[in-house]
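J.: Before anything else, here's the structure in question.
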Amino acid sequence: MSRLWPRRGLYAITPDEVSTARLLERVSQAIDGGARVVQHRNKTASEALRREQAVALLALCRARGVPLIVNDDWPLAVEIGADGAHLGRDDGDVARARAALGPDGILGVSCYDERDRAVAAADAGADYVAFGAFFSSPTKPNARRADPALLRQVAHLPVVRVAIGGITTDNAGALVDAGADLVAVISGVFDAPDPAATARAYSRAFVRNAPLR
């Protein structure tokens, strides 16, 4: 796995931003505040813009020592040499992506509220499994809710546990207490007036919570 993989902390996921310059500025601010992982996610961009932004973010993240994960598109992650890829339910075969990324690539899989999906993802070579939404999310308002108990139920698996969905600076600590190694946030960070200050607030959840492994 990538030497940059932090295992604990804030996982910043980018919003649907049309301006690459603004995206880079906001992501840089989030890293200033302590974001340990960045995922490029842009559901509304053209293929050309997604590639442009992913390449630009990779240069920024490499300069800052933070891994860049590409959402939905493991071939793009391989093409540009990103640190890894994240797969949802319809984003391709996990084992195939694992083979393409190689042993040093980071592979994450969305598991929603499904423990069995997390077990299968781990067996297929995932490095982390993401559960959620745990709370009401402005990004996916109709997402199924996940129970925090899922985080403990997969503690025996050799994977990092990620929590996502409606996570705020007020409720992040409860998910860390429940077993989340990373908390993934989109609007909570990037809709904030000061992404750096907000990222610092999220990161404090990990300072006050000892590792559960």
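Letters for chains follow the order of the structure tokens (A, B, ...), residue numbers begin at 1 for each chain, and ligand numbers begin at 1 in the order shown.
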Between range 97-151 of chain A and range 65-87 of chain A, at 6 Å or less, what are the per-residue closest atom pairs and their distances in Å? Count only C-alpha atoms, order by chain and rising residue number, and return it as a Markdown table.
T.:
```
| residue | atom | partner | partner_atom | distance |
| --- | --- | --- | --- | --- |
| A:Gly105 | CA | A:Gly84 | CA | 4.9 |
| A:Ile106 | CA | A:Gly84 | CA | 4.2 |
| A:Leu107 | CA | A:Ala85 | CA | 5.3 |
| A:Gly108 | CA | A:His86 | CA | 4.5 |
| A:Val109 | CA | A:Leu87 | CA | 4.9 |
```
J.: Can you pull out every residue within 12 Å of Arg26 in chain A, counting only C-alpha atoms, but drop anything in the same chain fewer than 3 positions away, and send it as a PyMOL selection string?
T.: chain A and resi 12-15+17+19-23+29-33+35+38+57+60+186-187+189-199
J.: In Å, with one decimal, what is the gap from CA of Asp147 in chain A to CA of Gly125 in chain A?
T.: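 CA of Gly125 in chain A lies at a distance of 23.9 Å from CA of Asp147 in chain A.
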J.: For Leu182 in chain A, work out the shell of residues within 9 Å, counting only C-alpha atoms and skipping chain neighbours fewer than 2 positions away, then give it as an mmCIF file with all heavy atoms, in the first residue's frame.
T.:
```
data_model
loop_
_atom_site.group_PDB
_atom_site.id
_atom_site.type_symbol
_atom_site.label_atom_id
_atom_site.label_comp_id
_atom_site.auth_asym_id
_atom_site.auth_seq_id
_atom_site.Cartn_x
_atom_site.Cartn_y
_atom_site.Cartn_z
ATOM 1 N N ARG A 7 -4.145 5.981 7.540
ATOM 2 C CA ARG A 7 -4.940 5.076 8.365
ATOM 3 C C ARG A 7 -5.904 5.787 9.311
ATOM 4 O O ARG A 7 -6.930 5.228 9.661
ATOM 5 C CB ARG A 7 -4.066 4.095 9.157
ATOM 6 C CG ARG A 7 -3.216 3.197 8.271
ATOM 7 C CD ARG A 7 -2.562 2.101 9.075
ATOM 8 N NE ARG A 7 -3.523 1.130 9.580
ATOM 9 C CZ ARG A 7 -3.955 0.071 8.902
ATOM 10 N NH1 ARG A 7 -3.509 -0.140 7.669
ATOM 11 N NH2 ARG A 7 -4.819 -0.760 9.426
ATOM 12 N N ARG A 8 -5.621 7.000 9.781
ATOM 13 C CA ARG A 8 -6.569 7.690 10.662
ATOM 14 C C ARG A 8 -6.623 9.178 10.323
ATOM 15 O O ARG A 8 -5.608 9.774 9.974
ATOM 16 C CB ARG A 8 -6.175 7.537 12.138
ATOM 17 C CG ARG A 8 -6.470 6.159 12.708
ATOM 18 C CD ARG A 8 -5.986 6.026 14.127
ATOM 19 N NE ARG A 8 -6.638 6.946 15.058
ATOM 20 C CZ ARG A 8 -7.850 6.751 15.592
ATOM 21 N NH1 ARG A 8 -8.552 5.687 15.270
ATOM 22 N NH2 ARG A 8 -8.355 7.612 16.445
ATOM 23 N N GLY A 9 -7.817 9.766 10.442
ATOM 24 C CA GLY A 9 -7.937 11.199 10.247
ATOM 25 C C GLY A 9 -9.083 11.593 9.327
ATOM 26 O O GLY A 9 -9.986 10.802 9.049
ATOM 27 N N LEU A 10 -9.018 12.830 8.860
ATOM 28 C CA LEU A 10 -10.045 13.386 7.989
ATOM 29 C C LEU A 10 -9.791 13.004 6.531
ATOM 30 O O LEU A 10 -8.693 13.200 6.013
ATOM 31 C CB LEU A 10 -10.072 14.910 8.122
ATOM 32 C CG LEU A 10 -10.987 15.663 7.148
ATOM 33 C CD1 LEU A 10 -12.443 15.286 7.367
ATOM 34 C CD2 LEU A 10 -10.783 17.164 7.286
ATOM 35 N N TYR A 11 -10.816 12.502 5.884
ATOM 36 C CA TYR A 11 -10.779 12.099 4.481
ATOM 37 C C TYR A 11 -11.642 13.123 3.739
ATOM 38 O O TYR A 11 -12.869 13.081 3.810
ATOM 39 C CB TYR A 11 -11.349 10.690 4.374
ATOM 40 C CG TYR A 11 -11.298 9.990 3.041
ATOM 41 C CD1 TYR A 11 -11.268 8.608 2.989
ATOM 42 C CD2 TYR A 11 -11.309 10.675 1.833
ATOM 43 C CE1 TYR A 11 -11.245 7.915 1.783
ATOM 44 C CE2 TYR A 11 -11.275 10.005 0.622
ATOM 45 C CZ TYR A 11 -11.247 8.620 0.608
ATOM 46 O OH TYR A 11 -11.220 7.950 -0.599
ATOM 47 N N ARG A 36 -6.085 14.250 5.789
ATOM 48 C CA ARG A 36 -5.044 13.241 5.618
ATOM 49 C C ARG A 36 -5.149 12.489 4.300
ATOM 50 O O ARG A 36 -4.191 11.846 3.870
ATOM 51 C CB ARG A 36 -5.108 12.228 6.767
ATOM 52 C CG ARG A 36 -5.035 12.847 8.159
ATOM 53 C CD ARG A 36 -3.707 13.497 8.457
ATOM 54 N NE ARG A 36 -2.600 12.577 8.265
ATOM 55 C CZ ARG A 36 -2.252 11.632 9.151
ATOM 56 N NH1 ARG A 36 -2.948 11.471 10.267
ATOM 57 N NH2 ARG A 36 -1.211 10.854 8.912
ATOM 58 N N VAL A 37 -6.321 12.529 3.674
ATOM 59 C CA VAL A 37 -6.568 11.875 2.399
ATOM 60 C C VAL A 37 -7.475 12.799 1.588
ATOM 61 O O VAL A 37 -8.352 13.457 2.154
ATOM 62 C CB VAL A 37 -7.281 10.507 2.565
ATOM 63 C CG1 VAL A 37 -7.382 9.785 1.217
ATOM 64 C CG2 VAL A 37 -6.590 9.638 3.594
ATOM 65 N N VAL A 160 -9.046 -0.663 6.696
ATOM 66 C CA VAL A 160 -9.357 0.597 7.369
ATOM 67 C C VAL A 160 -10.862 0.838 7.250
ATOM 68 O O VAL A 160 -11.469 0.554 6.216
ATOM 69 C CB VAL A 160 -8.558 1.751 6.718
ATOM 70 C CG1 VAL A 160 -9.028 3.101 7.219
ATOM 71 C CG2 VAL A 160 -7.068 1.561 7.010
ATOM 72 N N ARG A 161 -11.453 1.363 8.313
ATOM 73 C CA ARG A 161 -12.900 1.604 8.340
ATOM 74 C C ARG A 161 -13.167 3.098 8.167
ATOM 75 O O ARG A 161 -12.663 3.917 8.937
ATOM 76 C CB ARG A 161 -13.481 1.113 9.659
ATOM 77 C CG ARG A 161 -13.353 -0.397 9.867
ATOM 78 C CD ARG A 161 -13.567 -0.795 11.314
ATOM 79 N NE ARG A 161 -12.450 -0.356 12.155
ATOM 80 C CZ ARG A 161 -12.428 -0.469 13.487
ATOM 81 N NH1 ARG A 161 -13.483 -0.961 14.117
ATOM 82 N NH2 ARG A 161 -11.383 -0.066 14.169
ATOM 83 N N VAL A 162 -13.994 3.415 7.173
ATOM 84 C CA VAL A 162 -14.312 4.807 6.852
ATOM 85 C C VAL A 162 -15.795 5.056 7.090
ATOM 86 O O VAL A 162 -16.637 4.254 6.687
ATOM 87 C CB VAL A 162 -13.957 5.134 5.391
ATOM 88 C CG1 VAL A 162 -14.302 6.583 5.059
ATOM 89 C CG2 VAL A 162 -12.465 4.877 5.138
ATOM 90 N N ALA A 163 -16.102 6.172 7.738
ATOM 91 C CA ALA A 163 -17.491 6.597 7.944
ATOM 92 C C ALA A 163 -17.772 7.789 7.049
ATOM 93 O O ALA A 163 -16.926 8.677 6.893
ATOM 94 C CB ALA A 163 -17.718 6.978 9.403
ATOM 95 N N ILE A 164 -18.968 7.819 6.465
ATOM 96 C CA ILE A 164 -19.345 8.909 5.566
ATOM 97 C C ILE A 164 -20.827 9.197 5.706
ATOM 98 O O ILE A 164 -21.610 8.331 6.126
ATOM 99 C CB ILE A 164 -18.997 8.553 4.096
ATOM 100 C CG1 ILE A 164 -19.145 9.775 3.182
ATOM 101 C CG2 ILE A 164 -19.829 7.380 3.602
ATOM 102 C CD1 ILE A 164 -18.591 9.560 1.774
ATOM 103 N N VAL A 176 -15.821 8.103 15.575
ATOM 104 C CA VAL A 176 -14.471 7.647 15.918
ATOM 105 C C VAL A 176 -14.534 6.718 17.129
ATOM 106 O O VAL A 176 -13.886 5.668 17.169
ATOM 107 C CB VAL A 176 -13.537 8.841 16.176
ATOM 108 C CG1 VAL A 176 -12.159 8.371 16.631
ATOM 109 C CG2 VAL A 176 -13.392 9.693 14.915
ATOM 110 N N ALA A 180 -14.532 4.245 13.666
ATOM 111 C CA ALA A 180 -14.102 4.808 12.385
ATOM 112 C C ALA A 180 -12.633 5.204 12.450
ATOM 113 O O ALA A 180 -12.208 5.902 13.372
ATOM 114 C CB ALA A 180 -14.950 6.028 12.041
ATOM 115 N N ALA A 184 -15.095 10.663 6.344
ATOM 116 C CA ALA A 184 -15.096 11.249 5.005
ATOM 117 C C ALA A 184 -16.155 12.345 4.929
ATOM 118 O O ALA A 184 -17.305 12.129 5.314
ATOM 119 C CB ALA A 184 -15.376 10.169 3.963
ATOM 120 N N PHE A 206 -9.934 12.988 16.352
ATOM 121 C CA PHE A 206 -8.960 11.892 16.425
ATOM 122 C C PHE A 206 -7.918 12.138 17.503
ATOM 123 O O PHE A 206 -7.344 11.193 18.021
ATOM 124 C CB PHE A 206 -8.301 11.710 15.062
ATOM 125 C CG PHE A 206 -9.245 11.244 14.005
ATOM 126 C CD1 PHE A 206 -9.960 12.150 13.231
ATOM 127 C CD2 PHE A 206 -9.474 9.897 13.807
ATOM 128 C CE1 PHE A 206 -10.851 11.727 12.274
ATOM 129 C CE2 PHE A 206 -10.374 9.454 12.858
ATOM 130 C CZ PHE A 206 -11.072 10.373 12.094
#
```
J.: Calculate how many Å separate CA of Ala149 in chain A from CA of Asp113 in chain A, rounding to one decimal.
T.: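 Going from CA of Ala149 in chain A over to CA of Asp113 in chain A, I get 10.2 Å.
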J.: Just list as a ChimeraX atom specification whatever in range 105-169 of chain A DSSP marks as strand (DSSP E).
T.: /A:106-112,128-131,160-164
J.: Include N, CA and C atoms and write out the residues we just selected as a PDB file, in the first residue's frame.
T.:
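Ended up saving to result_14.pdb:
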```
ATOM      1  N   ILE A 106      -4.017   2.162  -3.340  1.00  0.00           N
ATOM      2  CA  ILE A 106      -5.039   2.146  -2.289  1.00  0.00           C
ATOM      3  C   ILE A 106      -6.386   1.892  -2.952  1.00  0.00           C
ATOM      4  N   LEU A 107      -7.105   0.913  -2.464  1.00  0.00           N
ATOM      5  CA  LEU A 107      -8.406   0.574  -3.033  1.00  0.00           C
ATOM      6  C   LEU A 107      -9.476   0.634  -1.953  1.00  0.00           C
ATOM      7  N   GLY A 108     -10.483   1.485  -2.183  1.00  0.00           N
ATOM      8  CA  GLY A 108     -11.594   1.598  -1.254  1.00  0.00           C
ATOM      9  C   GLY A 108     -12.893   1.190  -1.905  1.00  0.00           C
ATOM     10  N   VAL A 109     -13.825   0.697  -1.096  1.00  0.00           N
ATOM     11  CA  VAL A 109     -15.102   0.214  -1.598  1.00  0.00           C
ATOM     12  C   VAL A 109     -16.237   0.740  -0.724  1.00  0.00           C
ATOM     13  N   SER A 110     -17.267   1.279  -1.358  1.00  0.00           N
ATOM     14  CA  SER A 110     -18.471   1.700  -0.633  1.00  0.00           C
ATOM     15  C   SER A 110     -19.267   0.472  -0.226  1.00  0.00           C
ATOM     16  N   CYS A 111     -19.612   0.404   1.060  1.00  0.00           N
ATOM     17  CA  CYS A 111     -20.351  -0.750   1.566  1.00  0.00           C
ATOM     18  C   CYS A 111     -21.704  -0.359   2.160  1.00  0.00           C
ATOM     19  N   TYR A 112     -22.017   0.924   2.132  1.00  0.00           N
ATOM     20  CA  TYR A 112     -23.346   1.414   2.503  1.00  0.00           C
ATOM     21  C   TYR A 112     -23.719   0.958   3.916  1.00  0.00           C
ATOM     22  N   TYR A 128      -9.661  -0.353   2.250  1.00  0.00           N
ATOM     23  CA  TYR A 128     -10.599   0.244   3.191  1.00  0.00           C
ATOM     24  C   TYR A 128     -12.026   0.008   2.728  1.00  0.00           C
ATOM     25  N   VAL A 129     -12.932  -0.001   3.690  1.00  0.00           N
ATOM     26  CA  VAL A 129     -14.357  -0.121   3.408  1.00  0.00           C
ATOM     27  C   VAL A 129     -15.044   1.097   4.001  1.00  0.00           C
ATOM     28  N   ALA A 130     -16.005   1.648   3.258  1.00  0.00           N
ATOM     29  CA  ALA A 130     -16.700   2.860   3.690  1.00  0.00           C
ATOM     30  C   ALA A 130     -18.169   2.550   3.945  1.00  0.00           C
ATOM     31  N   PHE A 131     -18.638   2.897   5.134  1.00  0.00           N
ATOM     32  CA  PHE A 131     -20.041   2.730   5.493  1.00  0.00           C
ATOM     33  C   PHE A 131     -20.717   4.093   5.575  1.00  0.00           C
ATOM     34  N   VAL A 160      -9.046  -0.663   6.696  1.00  0.00           N
ATOM     35  CA  VAL A 160      -9.357   0.597   7.369  1.00  0.00           C
ATOM     36  C   VAL A 160     -10.862   0.838   7.250  1.00  0.00           C
ATOM     37  N   ARG A 161     -11.453   1.363   8.313  1.00  0.00           N
ATOM     38  CA  ARG A 161     -12.900   1.604   8.340  1.00  0.00           C
ATOM     39  C   ARG A 161     -13.167   3.098   8.167  1.00  0.00           C
ATOM     40  N   VAL A 162     -13.994   3.415   7.173  1.00  0.00           N
ATOM     41  CA  VAL A 162     -14.312   4.807   6.852  1.00  0.00           C
ATOM     42  C   VAL A 162     -15.795   5.056   7.090  1.00  0.00           C
ATOM     43  N   ALA A 163     -16.102   6.172   7.738  1.00  0.00           N
ATOM     44  CA  ALA A 163     -17.491   6.597   7.944  1.00  0.00           C
ATOM     45  C   ALA A 163     -17.772   7.789   7.049  1.00  0.00           C
ATOM     46  N   ILE A 164     -18.968   7.819   6.465  1.00  0.00           N
ATOM     47  CA  ILE A 164     -19.345   8.909   5.566  1.00  0.00           C
ATOM     48  C   ILE A 164     -20.827   9.197   5.706  1.00  0.00           C
TER      49      ILE A 164
END
```
J.: Write out as a short mmCIF file (atom, residue, chain, number, x, y, z; two decimals) with N, CA, C and O atoms, in the first residue's frame each polymer residue whose atoms come within 10 Å of Thr139 in chain A, counting only C-alpha atoms; drop sequence neighbours fewer than 3 positions from it.
T.:
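Saved as selection.cif:
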```
data_model
loop_
_atom_site.label_atom_id
_atom_site.label_comp_id
_atom_site.auth_asym_id
_atom_site.auth_seq_id
_atom_site.Cartn_x
_atom_site.Cartn_y
_atom_site.Cartn_z
N PRO A 15 -16.07 18.50 -3.84
CA PRO A 15 -17.42 18.77 -4.32
C PRO A 15 -17.46 18.83 -5.85
O PRO A 15 -16.42 18.76 -6.51
N ALA A 133 -24.83 6.31 4.55
CA ALA A 133 -24.72 7.50 5.37
C ALA A 133 -25.12 7.22 6.82
O ALA A 133 -26.10 6.53 7.07
N SER A 136 -28.15 12.33 8.10
CA SER A 136 -28.74 12.96 6.92
C SER A 136 -27.66 13.73 6.16
O SER A 136 -26.94 14.53 6.74
N ASN A 142 -31.19 10.83 0.08
CA ASN A 142 -31.99 9.61 0.13
C ASN A 142 -31.17 8.36 0.42
O ASN A 142 -31.67 7.24 0.26
N ALA A 143 -29.94 8.54 0.82
CA ALA A 143 -29.07 7.39 1.09
C ALA A 143 -29.59 6.58 2.28
O ALA A 143 -30.13 7.13 3.24
N GLY A 165 -21.22 10.42 5.36
CA GLY A 165 -22.63 10.75 5.30
C GLY A 165 -23.12 11.62 6.42
O GLY A 165 -23.37 11.13 7.53
N GLY A 166 -23.22 12.93 6.16
CA GLY A 166 -23.77 13.84 7.14
C GLY A 166 -22.91 14.06 8.36
O GLY A 166 -23.41 14.48 9.41
N VAL A 185 -15.75 13.50 4.43
CA VAL A 185 -16.61 14.68 4.44
C VAL A 185 -16.50 15.42 3.12
O VAL A 185 -15.40 15.61 2.59
N ILE A 186 -17.64 15.86 2.59
CA ILE A 186 -17.66 16.72 1.40
C ILE A 186 -18.09 18.12 1.80
O ILE A 186 -17.27 19.00 2.02
N SER A 187 -19.41 18.32 1.94
CA SER A 187 -19.93 19.66 2.18
C SER A 187 -19.51 20.22 3.52
O SER A 187 -19.32 21.44 3.66
#
```
J.: Which distance in Å separates CA of Val94 in chain A and CA of Ala172 in chain A, to one decimal?
T.: 28.1 Å
J.: From a DSSP calculation on the backbone, collect every residue of range 79-113 of chain A in alpha helix (DSSP H) and output the set as a list in words.
T.: Glu79, Ile80, Val94, Ala95, Arg96, Ala97, Arg98, Ala99, Ala100 and Leu101 of chain A
J.: Can I get the selected residues back with N, CA, C and O atoms, as a PDB file, in the first residue's frame?
T.:
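As written to disk, selection.pdb reads:
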```pdb
ATOM      1  N   GLU A  79      -4.133   5.423 -15.013  1.00  0.00           N
ATOM      2  CA  GLU A  79      -3.569   6.213 -16.108  1.00  0.00           C
ATOM      3  C   GLU A  79      -2.720   7.377 -15.601  1.00  0.00           C
ATOM      4  O   GLU A  79      -1.621   7.635 -16.127  1.00  0.00           O
ATOM      5  N   ILE A  80      -3.205   8.102 -14.601  1.00  0.00           N
ATOM      6  CA  ILE A  80      -2.484   9.293 -14.137  1.00  0.00           C
ATOM      7  C   ILE A  80      -1.512   8.994 -13.004  1.00  0.00           C
ATOM      8  O   ILE A  80      -0.753   9.867 -12.584  1.00  0.00           O
ATOM      9  N   VAL A  94     -14.033  -5.421  -7.960  1.00  0.00           N
ATOM     10  CA  VAL A  94     -13.019  -5.052  -6.967  1.00  0.00           C
ATOM     11  C   VAL A  94     -11.710  -5.787  -7.229  1.00  0.00           C
ATOM     12  O   VAL A  94     -10.624  -5.187  -7.181  1.00  0.00           O
ATOM     13  N   ALA A  95     -11.770  -7.067  -7.505  1.00  0.00           N
ATOM     14  CA  ALA A  95     -10.544  -7.840  -7.735  1.00  0.00           C
ATOM     15  C   ALA A  95      -9.799  -7.345  -8.973  1.00  0.00           C
ATOM     16  O   ALA A  95      -8.558  -7.278  -8.973  1.00  0.00           O
ATOM     17  N   ARG A  96     -10.543  -6.985 -10.003  1.00  0.00           N
ATOM     18  CA  ARG A  96      -9.899  -6.463 -11.214  1.00  0.00           C
ATOM     19  C   ARG A  96      -9.210  -5.127 -10.930  1.00  0.00           C
ATOM     20  O   ARG A  96      -8.089  -4.890 -11.387  1.00  0.00           O
ATOM     21  N   ALA A  97      -9.879  -4.270 -10.179  1.00  0.00           N
ATOM     22  CA  ALA A  97      -9.269  -2.990  -9.821  1.00  0.00           C
ATOM     23  C   ALA A  97      -8.033  -3.206  -8.957  1.00  0.00           C
ATOM     24  O   ALA A  97      -7.014  -2.527  -9.130  1.00  0.00           O
ATOM     25  N   ARG A  98      -8.114  -4.172  -8.038  1.00  0.00           N
ATOM     26  CA  ARG A  98      -6.953  -4.476  -7.179  1.00  0.00           C
ATOM     27  C   ARG A  98      -5.752  -4.875  -8.025  1.00  0.00           C
ATOM     28  O   ARG A  98      -4.620  -4.407  -7.791  1.00  0.00           O
ATOM     29  N   ALA A  99      -5.977  -5.718  -9.008  1.00  0.00           N
ATOM     30  CA  ALA A  99      -4.882  -6.167  -9.860  1.00  0.00           C
ATOM     31  C   ALA A  99      -4.310  -5.016 -10.674  1.00  0.00           C
ATOM     32  O   ALA A  99      -3.087  -4.905 -10.846  1.00  0.00           O
ATOM     33  N   ALA A 100      -5.177  -4.121 -11.169  1.00  0.00           N
ATOM     34  CA  ALA A 100      -4.713  -3.010 -12.000  1.00  0.00           C
ATOM     35  C   ALA A 100      -3.937  -1.977 -11.193  1.00  0.00           C
ATOM     36  O   ALA A 100      -2.956  -1.406 -11.674  1.00  0.00           O
ATOM     37  N   LEU A 101      -4.364  -1.730  -9.962  1.00  0.00           N
ATOM     38  CA  LEU A 101      -3.691  -0.735  -9.117  1.00  0.00           C
ATOM     39  C   LEU A 101      -2.352  -1.236  -8.592  1.00  0.00           C
ATOM     40  O   LEU A 101      -1.473  -0.440  -8.267  1.00  0.00           O
TER      41      LEU A 101
END
```
J.: Do a neighbour search on Thr169 in chain A at 9 Å with only C-alpha atoms, toss out local chain neighbours closer than 3 positions, and write the hits as an MDAnalysis selection string.
T.: chainID A and resid 172:173 188 198:199 201:205
